[in-house]
Every structure is written in C-alpha cells, then in structure tokens.
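J.: This is the structure, below, for whatever I ask next.
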Amino acid sequence: MRETVTTLAYGEWPSPVDAATAAAHDGSPEYTGFVGDEVWWTEPRPTEAGRRTLVRRHADGTEEPVLAAPWNVRTRVIEYGGRPWAGTVRDGTPLVVFVNFADQRLYRYEPGGEPHPLTPVSPVGEGLRWADPVLLPERGEVWCVLEEFTGDGPSDVRRVLAAVPLDGSAAGDRDAVRELSDGRHRFVTGPRLSPDGRRACWIGWDHPRMPWDGTELLVADVAGDGTLRDARTVAGGPEESIAQADWAHDGRLLYARDRTGWWNLYRDGEPLCPREEEFGGPLWKLGHNWFAPLDGGLIAVLHGRGAPVLGILDPETGEVVDAVGPWSEFAPSVAALGERVVSVGAGPRSGHEVVELDTRTGRARVIGARHEDAVDPAYYPEPQVRTFTGPDGREIHAQVYPPHHPGHTGPAGELPPYVIWAHGGPTGRVPLVLDLEIAYFTSRGIGVAEVNYGGSTGYGREYRNRLRGQWGVVDVEDCAAVALALADEGTADRDRLAVRGGSAGGWTTAASLTGTDVYACGTISYPVLDLAGWGTGETHDFESQYLESLIGPRAEVPERYTQRSPVEHADRLSVPFLMLQGLDDVICPPVQCERFLARLAGRGIPHAYLTFEGEGHGFRRADTMVRALEAELSLYAQVFGMEPPGVPILELEA
C-alpha cells in the first residue's frame, strides 16, 4: 500500500535518520591490500573513540577485525597520514607491520601473537613517524617514509626513505634504522621496487609547492647491500605534478602526470590513454593509489571527470573497460594481485564498500564492509549533478540534494531552506556517494548543495588553478553563485540560505559570512581564520607554505593576508553562527577560533562555540559527531523558524 503523503513545514519532517545513525556510519574503509590471497584493509570505529582497526577477509569470505582496542592503525605523517600498514605471508602465516596512532611506532604483528615494536620513541618534538611501508622479508626489512622531528617547532622536521629491521633491533636504537635517501626533498612518498628488485622509484617535492602543484619522480638503483645509488629525476617539475608511480610487470615505469593539464597515465614517458580525464588526484595522504599494474600487462585505473570510476586499461590499445555495478565513485585505494583488483567503491544509494574485480571474468562484487541500510532507503537523498554559471561565465560544478521524504512534502507556495556545503582542502572535491549527514537534513526538509568551487580537483589543472591567489574570492563567489541560482530558479528560499564547511571549508564559510549578505547563518568547523597566524607557525609543516599559492607570495603581497582573513572582518558579521573545534587540532588550532571570537565580543551576534577534547582535525568520535549535527540543526531551526522534533536546543549567546 502506498504511503500517504502529508504536508508539513520544511525542516519539521520526522525522520528515522537521527544524528547517532549518521555518526555510526561516518568514515569508510581505506588502504586495501593483499596478504597472500587474502584482502585486508583499515576500517573506522566511530563508537570506539574514533580509532581505525585492521580487517582481514578470510578465504571463506568471513571478516575479522585483527587488532582490538586500543590499537589504532593510523599514522600522523604530514598530519593527514597515509598508508599505515603492509603485509605478506611467511611460512603460511600472515606477517603484518602497522603504525599505532598513540605512539606512532611501527609494529610487527603475526596473528595469534602480540604486536612487537620495531621502531623507537624519540623525545624530540613530535618524535618519529612512519608511513607507506613496503615489506621486504627477504632483506629482513620494511622500507618506508620516516618523518623525524629535530626540534619542538612544527617545521623542525625532516623526511627520508628508511629501512627498518624486522627483527626489532631498532625498537630501542634509532641508529639501527638505515636511511635510504639523502633528504634532498622536504617531502617524499614511500618507495616502490621494480619486479627484479634492482630499482626503486618514489616522488619528492619541496616548499612552497604542494604535491598537486609540482613534484619530481625519482629513480635509484638498488645496490647489493640494499643502499640506493644514483638517484635521478626522470619526470616532473615545478609546474608538473606526478601523483603516483609504480612498475609494470615487465619493469617499465608507470606514472600519472598532468603535463597536458590532466593527470594521465604514462609508461616510460609515453602516454597510454591521452584523455581530458583524471587518472590521478591530489596527494593528500602518502600511499594513495589511483592505479595498479596487473601481472598480465593490463592496468587497473581510476579515471573520469569529477567522480572517478574503476576500469581496466589495456596499455597497448588505450582502451578502458569499466567495472559494472552500482558504484559511482571509487577511492584511491586500488590494489592488485595477479588478475584480481580491489578498491573502495560507493554510490548514491550505498556507503563505501570493499569491491573486488576479477579481470578474467569481468565480474565485480562486494567482498568487505558491505553496505547495510541503516534506515529505509526511501529516506536517502537523491542527488542532482549540476553545472552552474558563475562570475565571468565560468562553470561551477555542484551536487544538489533537494529535500526528500517518502511521506511528507512542503506547503504549497513555500520554498525550502538550503545549506551550501563548502568542502575542505581546498584542493579536493566532494564525492558522489551516500552520506547520512546529508540525509539527516534532506529527510527533514532542508536542501543541501555541495559545491565543487573553482580550485576543486577532478576537472583538470586549469579548473584547479582558478584558486591560485584567489582563495577567499573564487570559492566564496562560486558558493554564493550556486546559492543565489537555486533561489532565483525557485528551488531554495532566498531568505533561508545557510553555509557550512570544515577546515578550508570553514574558511570559505567564515569568509562568506563576513564578506557577503547571501546567508542567514552558518556553521564553521575547525577553520582557518587568520592567515597571518596560520602561515607563521600555527599550522603543521605540510601546509605551512600552502598560502604562497592560495593567497600569493607573502613577501610580495603582505597586505592580502590581512585583507582576506575573516578574523580581520569580524565586525562585518551580522548573522548567527555555530563554531565547532577539536581541542587537539594541530592543523587548524583552537587559537584561530579564539582570536576570531575575541574580535566579535560585545557585538551581540548570537552564536555558539563548541569544543571537543580528544578530537583533532576532523571529527572521528561518534559522540562528537552527534553533538555537532544536533547543534547545527538547532541553529538552522532557530534562525529559519522551524521546530524539528526531538532535537536538543542549542543555546546561543550574544
């Protein structure tokens, strides 16, 4: 029997998607890999203080969390982290190495035993950190990236390739760690060894470049004693980004470069599939994999404009055959064994799942972290992929999620409120996947529009470079253009528009609230607010010179750092807002929020500032996410004149 649709005010529709449900399904599996014939990956545990565990899929298809609490498989290298584990099989038994978040030590683990530390603890600064490991049991070592702090400042740090003994002899002896590279680059990815073990490749870059601006691909010979010799640059440069490199089955060098304006795949310098599509992406985490070579010569690839899909590339013909299935987007977590390929896929109706593709049969199937509907899918949001026109006629890509409920509709003649979501990065994009945080709003009658503003990835280098020197301008303009277009076309209520974002999205939100009159309120999460402070020691080393490209060279345009900062324009803020901040955040520290609020004191602007102990950059704990979501909805309810059922009232102070 068809459910009767009743009329109820927007924002007041009863919904089964509560904040606890959304929080429990936040995060996704990551860093897939093979251990023998088995597939392993990391997986979030929001209800266990936000830790990540390692999951093993046995031959019979059963899944087993490998490491119980409090083990947390996560590295802090460059603060955004990277691949934290590697595994192989020795004498029929899995041998795994992993980084534990609490102490950042590298551990060795074999099922049935306890993890044993392989690396020491350093008392200097933030200590020793490890990422992107490669297990070489025949050498008795694991090769990886070493990030070593040399002082107490966030930029007192060096990064090299290093070899860690598997026998535990370096657990108390830093000198037992063998350095492989010479430190010529500020940043490096983990090494990849050629099939014959005689060469290694890796990627390096230096300040002030970010990895999507320009990187270098290095190749060195592996000597008999395990040292790397004659390291030379074979591709890349200041204006060419190499996103990933690896070796084909026959020893030829594969890499994704954006020389043409698009990250395309090359083999020994020759393009394999020249298209105006992306076969790579922004290297925010060390160990991201957009492609994986197969034994037979084919290459598993992620590719596309906007959302990347999984396909198999024949390098001899340039033909790509895509995996068939409900997944609209795949994460850069591609791994291969023989003719088997695994990655993490998701779609508008399903969360992130571990997907295996058998290239012999063409069959793709879910093998891990299978999506299970937490609520009736009738309440899921229904995305519209759209392109809007911004200032100067430029294209703006966005995903629009109208209010959606199987049993309710809004009153005739009334338009719904909309929230504009600005993604972080800002060099990034929003995935086209099921997000129960979006459902939390749309199922209550509040629309959401995610904006891939100029500077976002997935649309080529020219689109990405729109933000150079224009952060706080182009992103703000593009978000406003989408919001006003939705109002002008009769989709959204012009008087009930909000904006929200975290990290760089928090910056865009704050800049929008202090620089435009488009929005009635906003939610600012772990933001950048003061460029002068953030760029001079208030953030981590990885992004410490990001502003040189986003804003401009500080030595040449110092005034721009003041002019763009929301903290300098707090007096312009005239609408209510919510600010959310993790107290352990070293990327966007609480001092940024505190400085902004101090400038706002006494102006009578209704607001709330919620802080969370134990949370860093981005929230991982279920209780934090519940509090944040409910507070955000309460803000909109109070400003937009709605009474959503069952939502605690957020106390706003002036």
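Going by the structure tokens order, chains are called A, B, ..., each with residues numbered from 1, while ligands are numbered from 1 in the order shown.
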Any chance you could tabulate, as JSON lines, the residues of range 106-216 of chain A at most 12 Å from range 291-303 of chain A with each one's nearest atom pair and distance in Å to one decimal, using only C-alpha atoms, in chain and rising number order?

T.:
{"residue": "A:Arg192", "atom": "CA", "partner": "A:Ala292", "partner_atom": "CA", "distance": 11.8}
{"residue": "A:Ser194", "atom": "CA", "partner": "A:Pro293", "partner_atom": "CA", "distance": 11.6}
{"residue": "A:Pro195", "atom": "CA", "partner": "A:Asp295", "partner_atom": "CA", "distance": 10.4}

J.: Any idea what's packed within 10 Å of Asp376 in chain A, counting only C-alpha atoms, ignoring anything in its chain fewer than 2 positions away? Could you give it as a PyMOL selection string?

T.: chain A and resi 16-17+373-374+378-380+406

J.: So that I can see what lies close to Thr536 in chain A, please list as a VMD selection string the residues with an atom at most 12 Å from it, counting only C-alpha atoms and leaving out residues fewer than 4 positions away in the same chain.

T.: chain A and resid 153 to 155 530 to 532 540 to 541 543 to 548 554 561

J.: As a ChimeraX atom specification, please: all residues of range 232-298 of chain A that backbone DSSP puts in strand (DSSP E or B).

T.: /A:232-237,240,242-247,253-257,264-267,270-271,278,286,289,291-293

J.: For the atom pair CA of His185 in chain A and CA of Thr233 in chain A, what is the interatomic distance in Å to one decimal place?

T.: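 Between these atoms lies a distance of 11.6 Å.
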
J.: Which residue out of A:Glu477, A:Glu353, A:Glu239, A:Glu79 has the minimum interatomic distance to Ala331 in chain A when only C-alpha atoms are used?

T.: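 Looking only at the distances to Ala331 in chain A, the closest residue turns out to be A:Glu353.
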
J.: If we count only C-alpha atoms and set the cut-off at 8 Å, which residues sit around Glu356 in chain A, ignoring sequence neighbours fewer than 4 positions away in its own chain? Please answer as a CSV table (one decimal) with C-alpha atoms, in the first residue's frame.

T.:
chain,number,residue,atom,x,y,z
A,340,ARG,CA,42.4,-9.6,-9.1
A,341,VAL,CA,41.8,-5.9,-8.3
A,342,VAL,CA,40.4,-4.4,-5.1
A,343,SER,CA,39.3,-0.9,-4.2
A,364,ALA,CA,32.8,-7.0,-9.8
A,365,ARG,CA,31.4,-7.8,-6.3
A,366,VAL,CA,31.4,-6.5,-2.8
A,367,ILE,CA,33.7,-8.6,-0.6

J.: Contacts between range 422-446 of chain A and range 6-65 of chain A, please, where a residue of range 6-65 of chain A counts if it comes within 12 Å (with only C-alpha atoms); show its shortest atom pair and distance in Å to one decimal, rows by chain and ascending number, as CSV.

T.:
residue,atom,partner,partner_atom,distance
A:Thr7,CA,A:Gly445,CA,11.0
A:Leu8,CA,A:Gly445,CA,9.0
A:Ala9,CA,A:Gly445,CA,7.8
A:Tyr10,CA,A:Gly445,CA,4.5
A:Gly11,CA,A:Gly445,CA,4.5
A:Glu12,CA,A:Arg444,CA,5.8
A:Trp13,CA,A:Arg444,CA,4.5
A:Pro14,CA,A:Arg444,CA,6.2
A:Ser15,CA,A:Ser443,CA,5.9
A:Pro16,CA,A:Ser443,CA,8.4
A:Val17,CA,A:Tyr440,CA,5.4
A:Asp18,CA,A:Tyr440,CA,6.4
A:Ala19,CA,A:Tyr440,CA,7.0
A:Ala20,CA,A:Tyr440,CA,10.1
A:Thr21,CA,A:Leu436,CA,7.7
A:Ala22,CA,A:Leu436,CA,4.9
A:Ala23,CA,A:Glu437,CA,7.8
A:Ala24,CA,A:Leu436,CA,9.5
A:His25,CA,A:Leu436,CA,7.3
A:Asp26,CA,A:Leu436,CA,7.8
A:Gly27,CA,A:Asp435,CA,9.6
A:Ser28,CA,A:Asp435,CA,10.8

J.: Report as CSV: every residue of range 241-269 of chain A with an atom at most 10 Å from range 313-322 of chain A, its closest pair of atoms, and their distance in Å to one decimal, counting only C-alpha atoms, with rows sorted by chain and ascending residue number.

T.:
residue,atom,partner,partner_atom,distance
A:Leu265,CA,A:Pro315,CA,9.3
A:Tyr266,CA,A:Pro315,CA,9.2
A:Arg267,CA,A:Pro315,CA,8.5

J.: Mind checking which residues fall within 12 Å of Leu136 in chain A, counting only C-alpha atoms, ignoring those fewer than 3 positions away in the same chain, and posting them as a PyMOL selection string?

T.: chain A and resi 86-90+95-97+133+139-144+163-166+191-193+197+226

J.: Can you tell me how far CA of Thr119 in chain A sits from CA of Trp202 in chain A, in Å to one decimal?

T.: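 Calculated distance between CA of Thr119 in chain A and CA of Trp202 in chain A is 22.2 Å.
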